>>> print(open('input.txt').read())   # compact mmCIF, C-alpha atoms
# COMPACT_ATOMS: atom_id res chain seq x y z
CA MET K 25 -18.50 -9.70 5.59
CA ALA K 26 -20.13 -6.31 5.72
CA THR K 27 -22.56 -4.38 3.62
CA TRP K 28 -24.47 -1.20 4.29
CA GLU K 29 -27.97 -0.12 5.20
CA GLY K 30 -29.25 3.46 5.30
CA ASP K 31 -28.42 6.51 3.24
CA ASP K 32 -25.01 7.98 2.51
CA THR K 33 -24.94 10.12 5.66
CA SER K 34 -25.79 7.45 8.22
CA ARG K 35 -24.52 4.01 7.37
CA THR K 36 -23.95 1.19 9.78
CA ALA K 37 -22.18 -2.04 9.02
CA VAL K 38 -24.27 -5.18 9.23
CA ALA K 39 -23.39 -8.79 8.67
CA ASP K 40 -24.60 -10.10 5.33
CA PRO K 41 -23.80 -13.63 4.19
CA ALA K 42 -24.69 -12.79 0.57
CA PRO K 43 -22.83 -9.80 -0.90
CA ARG K 44 -25.08 -7.60 -2.97
CA PRO K 45 -24.89 -4.28 -4.82
CA THR K 46 -25.95 -1.09 -3.05
CA GLU K 47 -27.15 2.23 -4.42
CA ASP K 48 -23.75 3.85 -3.82
CA ASP K 49 -21.68 0.84 -4.81
CA PRO K 50 -22.84 -1.19 -7.81
CA VAL K 51 -20.21 -3.87 -7.19
CA PRO K 52 -21.22 -6.63 -4.74
CA ILE K 53 -19.57 -6.40 -1.35
CA GLY K 54 -18.25 -9.32 0.67
CA ALA K 55 -15.99 -12.34 0.46
CA ASP K 56 -17.58 -13.43 -2.83
CA ALA K 57 -17.30 -10.05 -4.57
CA PRO K 58 -16.07 -10.45 -8.18
CA VAL K 59 -12.36 -9.69 -8.10
CA LEU K 60 -12.12 -8.05 -11.53
CA ALA K 61 -15.03 -5.74 -10.75
CA VAL K 62 -13.41 -4.91 -7.41
CA MET K 63 -10.11 -4.07 -9.14
CA SER K 64 -11.76 -1.87 -11.75
CA THR K 65 -13.52 0.24 -9.09
CA MET K 66 -10.74 0.42 -6.48
CA ARG K 67 -10.07 4.15 -6.47
CA ALA K 68 -7.75 5.74 -3.93
CA MET K 69 -10.22 6.98 -1.30
CA ARG K 70 -8.90 9.69 1.05
CA ARG K 71 -12.13 11.00 2.56
CA LEU K 72 -12.97 8.65 5.42
CA ARG K 73 -15.69 8.63 8.02
CA PRO K 74 -14.40 8.77 11.60
CA ASP K 75 -16.48 5.69 12.52
CA PRO K 76 -14.25 2.90 13.87
CA VAL K 77 -13.48 -0.21 11.84
CA PRO K 78 -14.02 -3.40 13.87
CA ASP K 79 -10.84 -5.23 14.85
CA ASP K 80 -12.01 -8.45 13.22
CA VAL K 81 -12.43 -6.62 9.89
CA LEU K 82 -8.90 -5.19 10.16
CA ARG K 83 -7.59 -8.66 10.96
CA GLN K 84 -9.40 -9.96 7.89
CA VAL K 85 -7.73 -7.50 5.52
CA VAL K 86 -4.30 -8.16 7.05
CA GLN K 87 -4.87 -11.89 6.72
CA ALA K 88 -5.58 -11.35 3.03
CA ALA K 89 -2.27 -9.50 2.81
CA THR K 90 -0.41 -12.51 4.20
CA TRP K 91 -1.73 -14.69 1.37
CA ALA K 92 0.40 -12.85 -1.20
CA GLY K 93 3.59 -14.32 -2.60
CA ASN K 94 6.94 -13.31 -1.11
CA ALA K 95 10.61 -13.91 -1.83
CA SER K 96 11.86 -17.40 -0.93
CA TYR K 97 8.73 -17.94 1.21
CA LEU K 98 10.46 -16.07 4.05
CA GLN K 99 7.25 -14.32 5.17
CA ARG K 100 9.19 -11.52 6.82
CA PHE K 101 6.34 -9.02 6.47
CA SER K 102 4.81 -7.21 9.42
CA PHE K 103 1.88 -4.82 9.68
CA VAL K 104 1.55 -2.13 12.33
CA VAL K 105 -2.18 -1.50 12.81
CA VAL K 106 -2.84 1.84 14.47
CA THR K 107 -6.26 2.67 15.95
CA ASP K 108 -5.26 4.42 19.19
CA ARG K 109 -6.32 8.07 19.03
CA GLU K 110 -3.20 9.42 20.73
CA GLN K 111 -0.93 7.49 18.40
CA MET K 112 -2.95 8.62 15.40
CA THR K 113 -2.65 12.25 16.54
CA ARG K 114 1.14 11.89 16.79
CA VAL K 115 1.34 10.48 13.26
CA ALA K 116 -1.07 13.19 12.04
CA GLY K 117 1.37 15.92 13.11
CA ILE K 118 4.12 14.34 11.02
CA TRP K 119 1.72 13.75 8.15
CA ARG K 120 0.66 17.40 7.93
CA ALA K 121 4.29 18.48 7.59
CA VAL K 122 4.97 15.77 5.00
CA GLU K 123 1.86 16.66 2.99
CA GLU K 124 2.72 20.37 2.88
CA PHE K 125 6.29 19.62 1.77
CA TYR K 126 5.14 17.12 -0.85
CA LEU K 127 2.59 19.46 -2.41
CA ALA K 128 5.17 22.27 -2.55
CA THR K 129 7.87 20.13 -4.19
CA PHE K 130 6.86 16.77 -5.67
CA ALA K 131 3.26 17.27 -6.74
CA GLN K 132 2.52 17.95 -10.39
CA ARG K 133 -0.42 17.34 -12.69
CA PRO K 134 0.03 14.05 -14.58
CA ASP K 135 -0.11 14.02 -18.36
CA GLY K 136 -3.66 13.43 -19.52
CA MET K 137 -5.28 14.65 -16.28
CA SER K 138 -7.44 17.75 -16.54
CA GLN K 139 -6.77 20.71 -14.27
CA GLU K 140 -10.20 20.18 -12.73
CA ALA K 141 -9.49 16.54 -11.91
CA PHE K 142 -6.08 17.46 -10.51
CA ALA K 143 -7.67 20.11 -8.30
CA ARG K 144 -10.12 17.52 -6.95
CA THR K 145 -7.22 15.21 -6.11
CA ILE K 146 -5.37 17.99 -4.29
CA ASP K 147 -8.56 18.84 -2.38
CA ALA K 148 -8.83 15.20 -1.26
CA VAL K 149 -5.15 15.13 -0.24
CA GLU K 150 -5.56 18.31 1.80
CA TYR K 151 -8.76 17.02 3.37
CA GLN K 152 -6.99 13.84 4.43
CA ALA K 153 -4.13 15.81 5.99
CA ALA K 154 -6.51 18.12 7.85
CA HIS K 155 -8.51 15.17 9.20
CA PHE K 156 -5.69 12.65 9.59
CA ALA K 157 -6.11 12.45 13.37
CA GLU K 158 -9.68 11.21 12.76
CA THR K 159 -8.51 8.33 10.52
CA PRO K 160 -10.22 5.19 11.87
CA ALA K 161 -7.24 2.91 11.22
CA LEU K 162 -3.77 3.14 9.80
CA ILE K 163 -1.82 0.14 8.53
CA VAL K 164 1.93 0.40 8.05
CA ALA K 165 3.35 -2.28 5.76
CA CYS K 166 6.83 -3.39 6.82
CA TYR K 167 9.39 -5.91 5.63
CA ASP K 168 12.69 -7.08 7.04
CA PHE K 169 14.85 -9.66 5.29
CA GLY K 170 16.75 -10.13 8.53
CA SER K 171 19.99 -12.03 8.09
CA TYR K 172 19.01 -13.43 4.68
CA PRO K 173 21.00 -10.98 2.46
CA GLY K 174 24.11 -11.43 4.58
CA ASP K 175 23.72 -15.21 4.52
CA VAL K 176 23.43 -15.12 0.72
CA ARG K 177 26.57 -12.96 0.38
CA ARG K 178 28.52 -15.36 2.59
CA ARG K 179 27.37 -18.33 0.51
CA MET K 180 28.47 -16.46 -2.63
CA LEU K 181 31.98 -16.03 -1.22
CA ARG K 182 32.11 -19.75 -0.47
CA SER K 183 30.89 -20.70 -3.97
CA PRO K 184 33.53 -19.66 -6.53
CA HIS K 185 32.48 -22.56 -8.77
CA ALA K 186 28.99 -21.04 -9.02
CA PHE K 187 30.50 -17.77 -10.25
CA ARG K 188 32.64 -19.61 -12.79
CA ARG K 189 29.55 -21.25 -14.28
CA PHE K 190 27.63 -17.98 -14.10
CA GLY K 191 30.30 -16.09 -16.02
CA LEU K 192 32.64 -13.24 -15.13
CA ARG K 193 30.59 -10.48 -16.75
CA ARG K 194 27.38 -11.59 -15.06
CA GLY K 195 29.15 -12.08 -11.74
CA ILE K 196 30.53 -8.53 -11.81
CA ALA K 197 27.11 -7.16 -12.71
CA LEU K 198 25.56 -9.12 -9.86
CA MET K 199 28.02 -7.79 -7.29
CA ARG K 200 27.51 -4.25 -8.57
CA ASN K 201 23.72 -4.56 -8.31
CA GLN K 202 23.43 -6.71 -5.19
CA PHE K 203 21.89 -3.97 -3.04
CA ALA K 204 19.40 -3.01 -5.74
CA PHE K 205 18.54 -6.70 -6.11
CA SER K 206 18.02 -7.05 -2.36
CA GLY K 207 15.96 -3.86 -2.11
CA ARG K 208 13.71 -4.73 -5.04
CA SER K 209 13.24 -8.27 -3.78
CA GLU K 210 12.19 -6.85 -0.43
CA ALA K 211 9.72 -4.50 -2.14
CA ALA K 212 8.44 -7.35 -4.31
CA SER K 213 7.73 -9.30 -1.13
CA ILE K 214 5.57 -6.61 0.50
CA TYR K 215 3.76 -4.74 -2.28
CA PRO K 216 1.79 -7.79 -3.47
CA ALA K 217 0.66 -8.10 0.17
CA VAL K 218 -0.36 -4.44 0.17
CA GLN K 219 -2.38 -4.97 -3.01
CA ASN K 220 -4.11 -7.96 -1.43
CA LEU K 221 -4.92 -5.79 1.58
CA LEU K 222 -6.37 -3.04 -0.61
CA LEU K 223 -8.45 -5.53 -2.60
CA ALA K 224 -9.79 -7.11 0.58
CA ALA K 225 -10.65 -3.71 2.00
CA ARG K 226 -12.46 -2.71 -1.18
CA SER K 227 -14.39 -5.98 -1.30
CA LEU K 228 -15.60 -5.34 2.26
CA GLY K 229 -16.75 -1.82 1.43
CA LEU K 230 -13.79 -0.08 3.06
CA ALA K 231 -12.00 2.90 1.55
CA ALA K 232 -8.20 3.06 1.56
CA ASN K 233 -5.22 4.47 -0.26
CA LEU K 234 -1.58 3.49 -0.40
CA THR K 235 0.99 6.21 0.17
CA THR K 236 4.75 6.29 0.57
CA TRP K 237 4.98 9.99 1.44
CA HIS K 238 5.90 9.10 5.02
CA LEU K 239 9.35 8.07 3.73
CA ILE K 240 10.20 11.78 3.68
CA ALA K 241 10.12 11.57 7.49
CA GLU K 242 10.33 7.80 8.01
CA GLY K 243 12.52 8.04 11.08
CA GLU K 244 9.94 10.11 12.94
CA VAL K 245 7.13 7.73 12.02
CA LYS K 246 9.17 4.73 13.12
CA ARG K 247 9.98 6.36 16.45
CA VAL K 248 6.32 7.12 17.16
CA LEU K 249 5.26 3.58 16.28
CA GLY K 250 8.24 1.83 17.86
CA ILE K 251 9.32 0.21 14.60
CA PRO K 252 12.92 -1.08 14.85
CA ARG K 253 15.54 0.74 12.81
CA ASN K 254 16.40 -2.36 10.76
CA VAL K 255 12.78 -2.83 9.63
CA GLN K 256 11.87 -1.10 6.39
CA THR K 257 8.48 0.58 6.00
CA PHE K 258 7.11 0.39 2.47
CA GLY K 259 3.73 2.04 2.73
CA ILE K 260 1.10 3.61 4.94
CA ILE K 261 -2.54 2.77 4.29
CA PRO K 262 -5.21 4.96 5.93
CA ILE K 263 -8.38 2.88 6.00
CA GLY K 264 -12.01 3.42 6.97
CA TRP K 265 -15.60 3.61 5.76
CA PRO K 266 -15.87 5.91 2.71
CA MET K 267 -17.56 9.29 2.70
CA GLY K 268 -18.11 9.05 -1.05
CA SER K 269 -18.77 6.19 -3.41
CA PHE K 270 -16.54 3.88 -5.39
CA GLY K 271 -16.40 4.17 -9.13
CA PRO K 272 -14.44 3.10 -12.19
CA VAL K 273 -10.74 3.87 -12.14
CA ARG K 274 -9.24 5.97 -14.94
CA ARG K 275 -6.17 4.47 -16.55
CA ARG K 276 -4.28 4.62 -19.82
CA PRO K 277 -5.60 2.27 -22.53
CA VAL K 278 -4.02 -1.15 -22.22
CA ASP K 279 -2.62 -1.02 -25.76
CA GLU K 280 -0.52 1.97 -24.73
CA VAL K 281 1.29 0.06 -22.00
CA ILE K 282 2.00 -3.23 -23.78
CA HIS K 283 5.35 -3.79 -25.49
CA LYS K 284 5.08 -7.10 -27.31
CA ASP K 285 8.19 -9.27 -27.53
CA ARG K 286 10.52 -6.26 -27.09
CA TRP K 287 10.37 -2.57 -26.08
>>> encode(input="input.txt", output="structure tokens")
Amino acid sequence: MATWEGDDTSRTAVADPAPRPTEDDPVPIGADAPVLAVMSTMRAMRRLRPDPVPDDVLRQVVQAATWAGNASYLQRFSFVVVTDREQMTRVAGIWRAVEEFYLATFAQRPDGMSQEAFARTIDAVEYQAAHFAETPALIVACYDFGSYPGDVRRRMLRSPHAFRRFGLRRGIALMRNQFAFSGRSEAASIYPAVQNLLLAARSLGLAANLTTWHLIAEGEVKRVLGIPRNVQTFGIIPIGWPMGSFGPVRRRPVDEVIHKDRW
């Protein structure tokens, strides 16, 4: 566990067996931090201090990631943890190009967000890109089903009776959507782990944000990090001690997102 002592410009992590609120962070920090309070204050934090994050803390957040559910209990997730400065600099070069392309093409102000708030978000994105080489740690969330999808397809071909019971229309739909089914199952096996990682980081006072922008240049990132071609990368999480403070997230009212019994 870690909490903080000192002011906002000179914090040092210290062990603390009893998580407690701080001036900058009203939510208790540590293994016993209240999970709902952690969720409600888990903003995407892109401005990170260059101070290193101890290896045991990084191991702790990755361990939390492994506790998440995953398809068929295969546990085929992997996490590339980058702290080496040379490696980070190589990724930073790719990231700057990705960020510039994203802002010029994909980025747009969401409905309901003020122009001022959008400008602050863009400022944070640009700050992160400019200082990416100083990122204390980078975690790349990966998943690889391995031979599982092929094994399933072979079992399907050997199980015509299963298709007869399932029905022709459903069987045709299944074959048409098999790659979407496989891809979404793979994503469903890694993103809960990523959320666990983010929650663990937040509960320990670490700032982080999930991004998939690297997919624009995934091949380059995989070559730098030595990730095999067959392994899919589903997110990059820059992580470190925050420059700012956590605060309540801003989301649509829950009644706007609930469709009861049917859409």
>>> residues_around(input="input.txt", residues="stretch 67-78 of chain K", least_positions_apart="2", cutoff="8 Å", atoms="all atoms listed in the file", output="number ranges by chain")
K: 65, 80-82, 148-149, 151-152, 158-161, 231-234, 262-268, 270-273
>>> atom_distance(input="input.txt", atom1="atom CA of K:Gly93", atom2="atom CA of K:Gly259")
17.2 Å
>>> residues_around(input="input.txt", residues="stretch 124-134 of chain K", least_positions_apart="3", cutoff="9 Å", atoms="only C-alpha atoms", output="JSON, numbers by chain")
{"K": [119, 120, 121, 137, 138, 139, 142, 143, 146, 150, 153, 237, 240]}
>>> closest_residue(input="input.txt", among="K:Leu98, K:Gly54, K:Glu110, K:Ile118", to="K:Ala241", atoms="only C-alpha atoms")
K:Ile118
>>> residues_around(input="input.txt", residues="stretch 199-209 of chain K", least_positions_apart="5", cutoff="10 Å", atoms="all atoms listed in the file", output="short mmCIF file (atom, residue, chain, number, x, y, z; two decimals) with C-alpha atoms, in the frame of the given file")
data_model
loop_
_atom_site.label_atom_id
_atom_site.label_comp_id
_atom_site.auth_asym_id
_atom_site.auth_seq_id
_atom_site.Cartn_x
_atom_site.Cartn_y
_atom_site.Cartn_z
CA ASN K 94 6.94 -13.31 -1.11
CA ALA K 95 10.61 -13.91 -1.83
CA SER K 96 11.86 -17.40 -0.93
CA PHE K 169 14.85 -9.66 5.29
CA TYR K 172 19.01 -13.43 4.68
CA PRO K 173 21.00 -10.98 2.46
CA ARG K 177 26.57 -12.96 0.38
CA MET K 180 28.47 -16.46 -2.63
CA ARG K 194 27.38 -11.59 -15.06
CA ILE K 214 5.57 -6.61 0.50
CA GLN K 256 11.87 -1.10 6.39
#
>>> atom_distance(input="input.txt", atom1="atom CA of K:Leu249", atom2="atom CA of K:Tyr97")
26.5 Å
>>> closest_residue(input="input.txt", among="K:Gln99, K:Ser64, K:Thr113, K:Thr90", to="K:Val218", atoms="all atoms listed in the file")
K:Thr90
>>> atom_distance(input="input.txt", atom1="atom CA of K:Ser102", atom2="atom CA of K:Cys166")
5.0 Å
>>> closest_residue(input="input.txt", among="K:Arg83, K:Arg114, K:Arg189, K:Arg100", to="K:Val248", atoms="all atoms listed in the file")
K:Arg114
